[in-house]
>>> print(open('final_38.cif').read())   # mmCIF, C-alpha atoms (C1' of nucleotides)
data_target
loop_
_atom_site.label_atom_id
_atom_site.label_comp_id
_atom_site.auth_asym_id
_atom_site.auth_seq_id
_atom_site.Cartn_x
_atom_site.Cartn_y
_atom_site.Cartn_z
CA MET A 855 -77.93 -73.03 107.24
CA ALA A 856 -75.63 -74.84 104.86
CA THR A 857 -78.38 -75.35 102.32
CA HIS A 858 -75.65 -75.61 99.71
CA LYS A 859 -77.02 -74.11 96.58
CA ARG A 860 -74.26 -75.59 94.51
CA GLU A 861 -76.73 -77.11 92.11
CA GLN A 862 -77.53 -73.68 90.80
CA PHE A 863 -74.12 -73.00 89.35
CA THR A 864 -72.77 -74.24 86.08
CA GLU A 865 -71.34 -77.69 85.72
CA ALA A 866 -67.90 -76.28 85.02
CA GLU A 867 -68.00 -74.04 88.07
CA GLN A 868 -68.92 -76.94 90.26
CA GLN A 869 -66.25 -79.19 88.85
CA VAL A 870 -63.57 -76.56 89.24
CA ALA A 871 -64.74 -76.04 92.80
CA VAL A 872 -64.45 -79.75 93.56
CA ILE A 873 -60.90 -79.84 92.25
CA ALA A 874 -59.94 -76.64 94.01
CA LYS A 875 -61.44 -77.82 97.26
CA ALA A 876 -59.36 -80.96 97.08
CA LEU A 877 -56.29 -78.77 96.60
CA GLY A 878 -57.39 -76.51 99.41
CA HIS A 879 -55.28 -78.06 102.12
CA PRO A 880 -51.48 -78.02 102.26
CA ALA A 881 -51.35 -81.68 103.25
CA ARG A 882 -53.18 -82.68 100.09
CA VAL A 883 -50.97 -80.49 97.94
CA ALA A 884 -47.97 -82.09 99.60
CA ILE A 885 -49.35 -85.56 98.98
CA LEU A 886 -49.86 -84.84 95.31
CA ARG A 887 -46.34 -83.48 95.02
CA LEU A 888 -44.91 -86.54 96.71
CA LEU A 889 -46.89 -88.83 94.45
CA ALA A 890 -45.60 -87.00 91.41
CA GLN A 891 -41.99 -86.89 92.58
CA ARG A 892 -41.41 -90.41 93.67
CA GLN A 893 -42.88 -93.47 92.18
CA ALA A 894 -42.89 -95.08 95.61
CA CYS A 895 -46.43 -94.14 96.43
CA VAL A 896 -47.04 -96.48 99.33
CA CYS A 897 -49.23 -94.95 101.98
CA GLY A 898 -46.72 -95.58 104.74
CA GLU A 899 -44.10 -93.57 102.88
CA LEU A 900 -46.43 -90.63 102.83
CA VAL A 901 -47.05 -90.91 106.55
CA LEU A 902 -43.31 -90.79 107.17
CA GLU A 903 -42.90 -87.71 105.04
CA LEU A 904 -45.81 -85.76 106.41
CA PRO A 905 -46.21 -84.10 109.82
CA ILE A 906 -49.62 -85.62 110.45
CA SER A 907 -50.85 -88.91 111.79
CA GLN A 908 -51.57 -92.04 109.79
CA SER A 909 -55.30 -91.74 110.14
CA THR A 910 -55.25 -88.14 109.00
CA VAL A 911 -53.16 -89.04 105.95
CA SER A 912 -55.65 -91.75 105.16
CA GLN A 913 -58.44 -89.25 105.47
CA HIS A 914 -56.77 -86.86 103.05
CA LEU A 915 -56.10 -89.67 100.63
CA LYS A 916 -59.75 -90.55 100.73
CA GLU A 917 -60.71 -87.01 99.85
CA LEU A 918 -58.25 -86.93 96.99
CA LYS A 919 -59.64 -90.21 95.79
CA THR A 920 -63.19 -88.93 96.02
CA ALA A 921 -62.19 -85.91 93.94
CA GLY A 922 -60.78 -88.33 91.40
CA LEU A 923 -57.24 -87.02 91.63
CA VAL A 924 -55.66 -90.10 93.11
CA GLN A 925 -56.07 -93.81 92.89
CA GLY A 926 -54.95 -96.56 95.20
CA GLU A 927 -54.13 -100.14 94.47
CA VAL A 928 -53.92 -102.80 97.11
CA ASP A 929 -50.56 -104.54 97.08
CA GLY A 930 -50.52 -107.17 99.73
CA PRO A 931 -50.84 -105.56 103.15
CA ARG A 932 -50.00 -102.12 101.81
CA VAL A 933 -51.64 -99.76 99.38
CA CYS A 934 -49.90 -98.09 96.50
CA TYR A 935 -51.18 -94.65 95.62
CA CYS A 936 -50.59 -92.61 92.53
CA LEU A 937 -52.12 -89.80 90.56
CA ASP A 938 -55.25 -90.91 88.77
CA PRO A 939 -54.25 -90.47 85.12
CA THR A 940 -57.63 -89.52 83.71
CA GLY A 941 -58.83 -87.65 86.76
CA TRP A 942 -55.72 -85.58 87.04
CA ALA A 943 -55.72 -84.89 83.34
CA ARG A 944 -59.26 -83.62 83.69
CA ALA A 945 -58.29 -81.48 86.67
CA ARG A 946 -55.42 -80.00 84.68
CA GLN A 947 -57.80 -79.24 81.86
CA LEU A 948 -60.32 -77.54 84.15
CA LEU A 949 -57.73 -75.47 85.95
CA GLY A 950 -56.06 -74.58 82.68
CA ASP A 951 -59.37 -73.45 81.26
CA LEU A 952 -59.96 -71.33 84.32
CA LEU A 953 -56.58 -69.67 84.02
CA ALA A 954 -57.24 -69.05 80.35
CA GLU A 955 -60.60 -67.56 81.10
CA LEU A 956 -59.30 -65.35 83.87
CA PRO A 957 -56.17 -63.87 82.35
CA ALA A 958 -53.87 -61.64 84.27
CA PRO A 959 -55.70 -58.32 84.31
CA ALA A 960 -54.14 -55.05 83.30
CA THR A 961 -52.00 -53.69 86.07
CA GLN A 962 -54.54 -51.03 86.94
CA ALA A 963 -57.79 -52.05 88.50
CA CYS A 964 -61.09 -51.78 86.68
CA CYS A 965 -62.69 -48.97 88.64
CA MET B 313 -59.16 -81.57 116.82
CA ALA B 314 -58.64 -78.81 114.31
CA THR B 315 -55.13 -78.18 115.50
CA HIS B 316 -54.34 -77.16 111.97
CA LYS B 317 -50.83 -78.22 111.35
CA ARG B 318 -50.61 -76.07 108.28
CA GLU B 319 -47.51 -74.39 109.62
CA GLN B 320 -45.57 -77.60 109.07
CA PHE B 321 -45.89 -77.60 105.32
CA THR B 322 -43.87 -75.60 102.87
CA GLU B 323 -44.67 -72.01 102.13
CA ALA B 324 -45.60 -72.86 98.56
CA GLU B 325 -47.92 -75.63 99.63
CA GLN B 326 -49.68 -73.34 102.03
CA GLN B 327 -50.02 -70.57 99.49
CA VAL B 328 -51.41 -72.88 96.85
CA ALA B 329 -53.84 -74.21 99.42
CA VAL B 330 -55.04 -70.73 100.28
CA ILE B 331 -55.69 -69.97 96.62
CA ALA B 332 -57.34 -73.31 95.99
CA LYS B 333 -59.51 -72.98 99.04
CA ALA B 334 -60.76 -69.64 97.80
CA LEU B 335 -61.61 -71.32 94.50
CA GLY B 336 -63.22 -74.21 96.32
CA HIS B 337 -66.77 -72.99 96.08
CA PRO B 338 -68.77 -72.64 92.85
CA ALA B 339 -70.12 -69.25 93.91
CA ARG B 340 -66.61 -67.87 94.20
CA VAL B 341 -65.60 -69.33 90.86
CA ALA B 342 -68.70 -67.76 89.37
CA ILE B 343 -67.88 -64.41 90.94
CA LEU B 344 -64.38 -64.45 89.52
CA ARG B 345 -65.71 -65.33 86.09
CA LEU B 346 -68.24 -62.52 86.24
CA LEU B 347 -65.57 -60.07 87.32
CA ALA B 348 -63.39 -61.10 84.43
CA GLN B 349 -66.17 -61.03 81.85
CA ARG B 350 -67.82 -57.75 82.54
CA GLN B 351 -66.16 -54.64 83.72
CA ALA B 352 -69.31 -53.77 85.64
CA CYS B 353 -68.13 -55.22 88.88
CA VAL B 354 -70.61 -53.57 91.22
CA CYS B 355 -71.62 -55.83 94.06
CA GLY B 356 -75.31 -55.47 93.30
CA GLU B 357 -74.77 -56.77 89.79
CA LEU B 358 -73.22 -59.89 91.20
CA VAL B 359 -76.15 -60.41 93.53
CA LEU B 360 -78.53 -60.22 90.57
CA GLU B 361 -76.52 -62.77 88.62
CA LEU B 362 -76.05 -65.26 91.40
CA PRO B 363 -78.59 -67.57 93.01
CA ILE B 364 -77.62 -66.59 96.52
CA SER B 365 -78.54 -63.77 98.83
CA GLN B 366 -76.83 -60.42 99.16
CA SER B 367 -75.27 -61.21 102.49
CA THR B 368 -73.89 -64.49 101.20
CA VAL B 369 -72.39 -62.79 98.16
CA SER B 370 -70.80 -60.26 100.45
CA GLN B 371 -69.38 -63.07 102.52
CA HIS B 372 -67.86 -64.76 99.50
CA LEU B 373 -66.44 -61.45 98.31
CA LYS B 374 -64.82 -61.02 101.68
CA GLU B 375 -63.17 -64.42 101.40
CA LEU B 376 -61.92 -63.68 97.93
CA LYS B 377 -60.57 -60.38 99.18
CA THR B 378 -58.86 -62.08 102.11
CA ALA B 379 -57.24 -64.50 99.69
CA GLY B 380 -56.00 -61.50 97.74
CA LEU B 381 -57.82 -62.43 94.55
CA VAL B 382 -60.24 -59.56 94.48
CA GLN B 383 -60.27 -55.93 95.47
CA GLY B 384 -63.16 -53.59 96.11
CA GLU B 385 -63.34 -49.87 95.76
CA VAL B 386 -66.03 -47.77 97.32
CA ASP B 387 -67.82 -45.69 94.73
CA GLY B 388 -70.44 -43.64 96.45
CA PRO B 389 -73.08 -45.85 97.98
CA ARG B 390 -71.96 -48.89 95.99
CA VAL B 391 -68.78 -50.89 95.84
CA CYS B 392 -66.96 -51.80 92.68
CA TYR B 393 -65.15 -55.12 92.71
CA CYS B 394 -62.55 -56.43 90.35
CA LEU B 395 -59.75 -58.94 90.19
CA ASP B 396 -56.78 -57.86 92.25
CA PRO B 397 -54.09 -57.46 89.59
CA THR B 398 -51.09 -58.48 91.65
CA GLY B 399 -52.91 -61.02 93.77
CA TRP B 400 -54.47 -62.77 90.83
CA ALA B 401 -51.19 -62.72 88.93
CA ARG B 402 -49.59 -64.41 91.90
CA ALA B 403 -52.38 -66.97 92.05
CA ARG B 404 -51.94 -67.72 88.38
CA GLN B 405 -48.25 -68.17 88.95
CA LEU B 406 -48.76 -70.56 91.84
CA LEU B 407 -51.36 -72.64 90.05
CA GLY B 408 -49.28 -72.67 86.90
CA ASP B 409 -46.28 -73.86 88.86
CA LEU B 410 -48.36 -76.61 90.38
CA LEU B 411 -49.59 -77.77 87.01
CA ALA B 412 -46.05 -77.73 85.74
CA GLU B 413 -44.84 -79.72 88.69
CA LEU B 414 -47.62 -82.26 88.44
CA PRO B 415 -47.71 -83.06 84.74
CA ALA B 416 -50.26 -85.34 83.24
CA PRO B 417 -49.01 -88.80 84.18
CA ALA B 418 -48.57 -91.62 81.74
CA THR B 419 -51.86 -93.22 80.93
CA GLN B 420 -51.06 -96.27 82.99
CA ALA B 421 -50.89 -95.95 86.72
CA CYS B 422 -47.65 -96.26 88.65
CA CYS B 423 -48.21 -99.59 90.38
"C1'" DC C 14 -81.45 -33.29 108.75
"C1'" DT C 15 -84.01 -36.90 106.92
"C1'" DT C 16 -84.74 -40.21 103.61
"C1'" DT C 17 -83.19 -43.71 100.34
"C1'" DG C 18 -80.37 -47.09 98.42
"C1'" DT C 19 -76.33 -50.04 98.86
"C1'" DA C 20 -73.19 -53.07 101.07
"C1'" DA C 21 -71.12 -54.97 105.31
"C1'" DT C 22 -71.76 -57.01 109.59
"C1'" DC C 23 -74.16 -59.62 113.29
"C1'" DG C 24 -76.43 -63.55 115.09
"C1'" DT C 25 -77.95 -67.98 114.28
"C1'" DT C 26 -78.15 -72.63 112.58
"C1'" DA C 27 -76.73 -76.89 110.40
"C1'" DA C 28 -73.22 -79.13 108.11
"C1'" DT C 29 -68.61 -80.09 107.13
"C1'" DC C 30 -63.57 -80.17 108.12
"C1'" DG C 31 -59.30 -81.42 110.40
"C1'" DA C 32 -57.24 -83.84 113.63
"C1'" DC C 33 -56.40 -87.62 116.68
"C1'" DG C 34 -56.44 -92.17 119.12
"C1'" DA C 35 -58.47 -96.51 119.11
"C1'" DT C 36 -60.18 -100.12 116.78
"C1'" DA C 37 -61.07 -103.11 112.90
"C1'" DA C 38 -59.87 -105.27 108.61
"C1'" DA C 39 -56.80 -107.41 105.33
"C1'" DC C 40 -52.92 -109.81 104.20
"C1'" DG C 41 -48.34 -112.30 104.28
"C1'" DA C 42 -45.36 -114.89 107.07
"C1'" DA C 43 -44.18 -118.03 110.62
"C1'" DT D 1433 -54.01 -120.55 112.75
"C1'" DT D 1434 -51.84 -117.09 114.92
"C1'" DC D 1435 -48.95 -113.00 114.72
"C1'" DG D 1436 -47.16 -108.72 112.96
"C1'" DT D 1437 -47.63 -105.13 109.65
"C1'" DT D 1438 -50.24 -101.90 107.20
"C1'" DT D 1439 -54.24 -99.23 106.12
"C1'" DA D 1440 -59.11 -97.92 106.68
"C1'" DT D 1441 -62.75 -96.75 109.52
"C1'" DC D 1442 -65.06 -95.22 113.81
"C1'" DG D 1443 -65.99 -91.98 117.33
"C1'" DT D 1444 -65.10 -87.71 119.12
"C1'" DC D 1445 -64.07 -82.92 119.58
"C1'" DG D 1446 -63.50 -78.10 118.45
"C1'" DA D 1447 -63.23 -74.99 114.60
"C1'" DT D 1448 -64.77 -73.47 110.40
"C1'" DT D 1449 -68.02 -72.94 106.50
"C1'" DA D 1450 -72.25 -71.79 104.18
"C1'" DA D 1451 -76.34 -69.81 104.33
"C1'" DC D 1452 -79.98 -66.65 105.67
"C1'" DG D 1453 -82.58 -62.68 107.62
"C1'" DA D 1454 -82.09 -58.64 110.31
"C1'" DT D 1455 -79.60 -54.92 111.46
"C1'" DT D 1456 -76.17 -51.42 110.95
"C1'" DA D 1457 -73.24 -48.14 108.51
"C1'" DC D 1458 -72.58 -44.86 104.93
"C1'" DA D 1459 -72.95 -41.87 101.32
"C1'" DA D 1460 -75.77 -39.23 98.11
"C1'" DA D 1461 -80.08 -36.90 97.35
"C1'" DG D 1462 -83.80 -34.34 98.71
#
>>> encode(input="final_38.cif", output="structure tokens")
Amino acid sequence: MATHKREQFTEAEQQVAVIAKALGHPARVAILRLLAQRQACVCGELVLELPISQSTVSQHLKELKTAGLVQGEVDGPRVCYCLDPTGWARARQLLGDLLAELPAPATQACC
Amino acid sequence: MATHKREQFTEAEQQVAVIAKALGHPARVAILRLLAQRQACVCGELVLELPISQSTVSQHLKELKTAGLVQGEVDGPRVCYCLDPTGWARARQLLGDLLAELPAPATQACC
DNA sequence: CTTTGTAATCGTTAATCGACGATAAACGAA
DNA sequence: TTCGTTTATCGTCGATTAACGATTACAAAG
């Protein structure tokens, strides 16, 4: 059963997991890269660039938005997406902390 | 349909996604942190520290191993786990590249 | 060889994910 | 107001995930 015991982990662990989960699909990584590269962040542009359907892109955008990594602004009939400044900054912080906490280990294993 | 179009994204995007997916659960983040903190990386220790059952821990360890982040070495009746040196170094590289490629945006949104 | 302790696997269950087409909603233009 | 364009949502489907207890596999000890 997916009784999801997530509550029992630390706040930081859960937050990192949320970020990582959002990054856990190539389409979402691609979307973030596109949003960072070009300033033209209209949804339709993304659909043209990606090998998935419009509804699926929309779905991924929703997940990124839920994770706080992306924000969308309605602009007439279309929607302009971009990285969420504070959310992405926070994500960078959390991932950076994780990398700092888990440094590259010595070349030989522990045991 | 889960037709998984992952093949159609770039190699880097897919690899980042694999890493991120492995980090996408608080239990796995916790496991990695425990492995980095203490050198005592015996599976049983992890089970004692985590609020989930032995079989679930084993499952998560398997996923981390599949993602190349962790390695296990049989030591008599128990198994000693630790960060996979090369795999984790690679993961650090990929995540670092991503953070470099997606810098903290200007405080104001794009549109 | 049998027992004991440890970890992996199996089987099951519920929930979530990923994908799509179809439909609905929102808006500007005619 | 109606039409075309754009995006979000709905409904569906199969696959995967997360979790657990039970069982199995294995190695060391007796």
>>> atom_distance(input="final_38.cif", atom1="atom C1' of D:DA1451", atom2="atom CA of B:Ser365")
8.5 Å
>>> closest_residue(input="final_38.cif", among="A:Pro939, A:Gly898, A:Pro957, A:Gly878", to="A:Glu917", atoms="all atoms listed in the file")
A:Gly878
>>> calpha_fit_and_write(input="final_38.cif", fixed="chain A", moving="chain B", output="short mmCIF file (atom, residue, chain, number, x, y, z; two decimals) with C-alpha atoms, in the coordinates of the input")
data_model
loop_
_atom_site.label_atom_id
_atom_site.label_comp_id
_atom_site.auth_asym_id
_atom_site.auth_seq_id
_atom_site.Cartn_x
_atom_site.Cartn_y
_atom_site.Cartn_z
CA MET B 313 -77.92 -72.86 106.99
CA ALA B 314 -75.70 -75.00 104.82
CA THR B 315 -78.40 -75.44 102.24
CA HIS B 316 -75.63 -75.66 99.70
CA LYS B 317 -76.96 -74.11 96.60
CA ARG B 318 -74.18 -75.58 94.54
CA GLU B 319 -76.69 -77.12 92.18
CA GLN B 320 -77.54 -73.66 90.88
CA PHE B 321 -74.15 -72.97 89.39
CA THR B 322 -72.82 -74.21 86.11
CA GLU B 323 -71.38 -77.66 85.75
CA ALA B 324 -67.94 -76.24 85.03
CA GLU B 325 -68.02 -74.02 88.07
CA GLN B 326 -68.96 -76.92 90.27
CA GLN B 327 -66.29 -79.16 88.83
CA VAL B 328 -63.59 -76.56 89.23
CA ALA B 329 -64.74 -76.04 92.79
CA VAL B 330 -64.49 -79.74 93.55
CA ILE B 331 -60.94 -79.84 92.24
CA ALA B 332 -59.95 -76.65 94.02
CA LYS B 333 -61.46 -77.81 97.26
CA ALA B 334 -59.40 -80.97 97.10
CA LEU B 335 -56.33 -78.79 96.60
CA GLY B 336 -57.42 -76.51 99.41
CA HIS B 337 -55.32 -78.06 102.11
CA PRO B 338 -51.50 -78.00 102.25
CA ALA B 339 -51.36 -81.67 103.25
CA ARG B 340 -53.20 -82.67 100.09
CA VAL B 341 -50.99 -80.48 97.94
CA ALA B 342 -47.99 -82.08 99.60
CA ILE B 343 -49.37 -85.55 98.98
CA LEU B 344 -49.89 -84.83 95.31
CA ARG B 345 -46.37 -83.46 95.01
CA LEU B 346 -44.93 -86.52 96.71
CA LEU B 347 -46.91 -88.81 94.44
CA ALA B 348 -45.62 -87.00 91.41
CA GLN B 349 -42.01 -86.88 92.57
CA ARG B 350 -41.41 -90.40 93.68
CA GLN B 351 -42.90 -93.47 92.20
CA ALA B 352 -42.89 -95.05 95.64
CA CYS B 353 -46.43 -94.13 96.43
CA VAL B 354 -47.03 -96.48 99.35
CA CYS B 355 -49.23 -94.94 101.99
CA GLY B 356 -46.70 -95.57 104.74
CA GLU B 357 -44.10 -93.56 102.88
CA LEU B 358 -46.43 -90.62 102.82
CA VAL B 359 -47.04 -90.90 106.53
CA LEU B 360 -43.29 -90.78 107.15
CA GLU B 361 -42.90 -87.69 105.00
CA LEU B 362 -45.81 -85.75 106.39
CA PRO B 363 -46.20 -84.10 109.79
CA ILE B 364 -49.59 -85.63 110.41
CA SER B 365 -50.80 -88.93 111.74
CA GLN B 366 -51.55 -92.06 109.77
CA SER B 367 -55.28 -91.76 110.15
CA THR B 368 -55.23 -88.15 108.99
CA VAL B 369 -53.16 -89.05 105.94
CA SER B 370 -55.64 -91.77 105.16
CA GLN B 371 -58.44 -89.28 105.45
CA HIS B 372 -56.79 -86.87 103.06
CA LEU B 373 -56.09 -89.70 100.63
CA LYS B 374 -59.75 -90.59 100.74
CA GLU B 375 -60.71 -87.03 99.85
CA LEU B 376 -58.26 -86.94 96.99
CA LYS B 377 -59.63 -90.24 95.78
CA THR B 378 -63.20 -88.96 96.01
CA ALA B 379 -62.19 -85.94 93.95
CA GLY B 380 -60.79 -88.34 91.38
CA LEU B 381 -57.24 -87.03 91.63
CA VAL B 382 -55.66 -90.09 93.12
CA GLN B 383 -56.08 -93.82 92.91
CA GLY B 384 -54.94 -96.55 95.24
CA GLU B 385 -54.12 -100.13 94.50
CA VAL B 386 -53.89 -102.79 97.14
CA ASP B 387 -50.54 -104.52 97.06
CA GLY B 388 -50.49 -107.15 99.72
CA PRO B 389 -50.75 -105.59 103.15
CA ARG B 390 -49.93 -102.12 101.84
CA VAL B 391 -51.61 -99.78 99.42
CA CYS B 392 -49.89 -98.07 96.55
CA TYR B 393 -51.19 -94.63 95.65
CA CYS B 394 -50.60 -92.60 92.56
CA LEU B 395 -52.14 -89.80 90.56
CA ASP B 396 -55.26 -90.91 88.76
CA PRO B 397 -54.26 -90.48 85.12
CA THR B 398 -57.64 -89.54 83.71
CA GLY B 399 -58.85 -87.69 86.76
CA TRP B 400 -55.74 -85.59 87.07
CA ALA B 401 -55.73 -84.89 83.34
CA ARG B 402 -59.27 -83.64 83.69
CA ALA B 403 -58.30 -81.50 86.66
CA ARG B 404 -55.45 -80.00 84.70
CA GLN B 405 -57.82 -79.25 81.88
CA LEU B 406 -60.33 -77.54 84.14
CA LEU B 407 -57.73 -75.47 85.95
CA GLY B 408 -56.05 -74.59 82.68
CA ASP B 409 -59.36 -73.46 81.25
CA LEU B 410 -59.95 -71.32 84.29
CA LEU B 411 -56.57 -69.67 83.99
CA ALA B 412 -57.23 -69.06 80.34
CA GLU B 413 -60.60 -67.56 81.08
CA LEU B 414 -59.29 -65.35 83.85
CA PRO B 415 -56.15 -63.86 82.34
CA ALA B 416 -53.85 -61.64 84.27
CA PRO B 417 -55.67 -58.31 84.31
CA ALA B 418 -54.11 -55.04 83.34
CA THR B 419 -51.96 -53.70 86.10
CA GLN B 420 -54.48 -51.04 86.98
CA ALA B 421 -57.74 -52.06 88.52
CA CYS B 422 -61.04 -51.76 86.70
CA CYS B 423 -62.63 -48.91 88.64
#
>>> resolve_selection(input="final_38.cif", expression="the PyMOL selection byres ((chain A) within 12 of (chain C))", output="list in words")
Met855, Ala856, Thr857, His858, Lys875, Ala876, Gly878, His879, Pro880, Ala881, Pro905, Ile906, Ser907, Gln908, Ser909, Thr910, Val911, Ser912, Gln913, His914, Glu917, Val928, Asp929, Gly930, Pro931, Arg932 and Val933 of chain A
>>> residues_around(input="final_38.cif", residues="A:Leu953", least_positions_apart="3", cutoff="10 Å", atoms="only C-alpha atoms (C1' of nucleotides)", output="list in words")
Gln947, Leu948, Leu949, Gly950, Leu956, Pro957 and Ala958 of chain A; Trp400, Ala403, Arg404, Gln405, Leu407 and Gly408 of chain B
>>> axis_aligned_box(input="final_38.cif", around="stretch 934-942 of chain A", padding_each_side="8 Å", output="AutoDock Vina command-line options")
--center_x -54.4 --center_y -91.8 --center_z 90.1 --size_x 24.9 --size_y 28.5 --size_z 28.8
>>> closest_residue(input="final_38.cif", among="B:Thr322, B:Val382, B:Leu362, B:Cys392", to="B:Leu335", atoms="only C-alpha atoms")
B:Val382
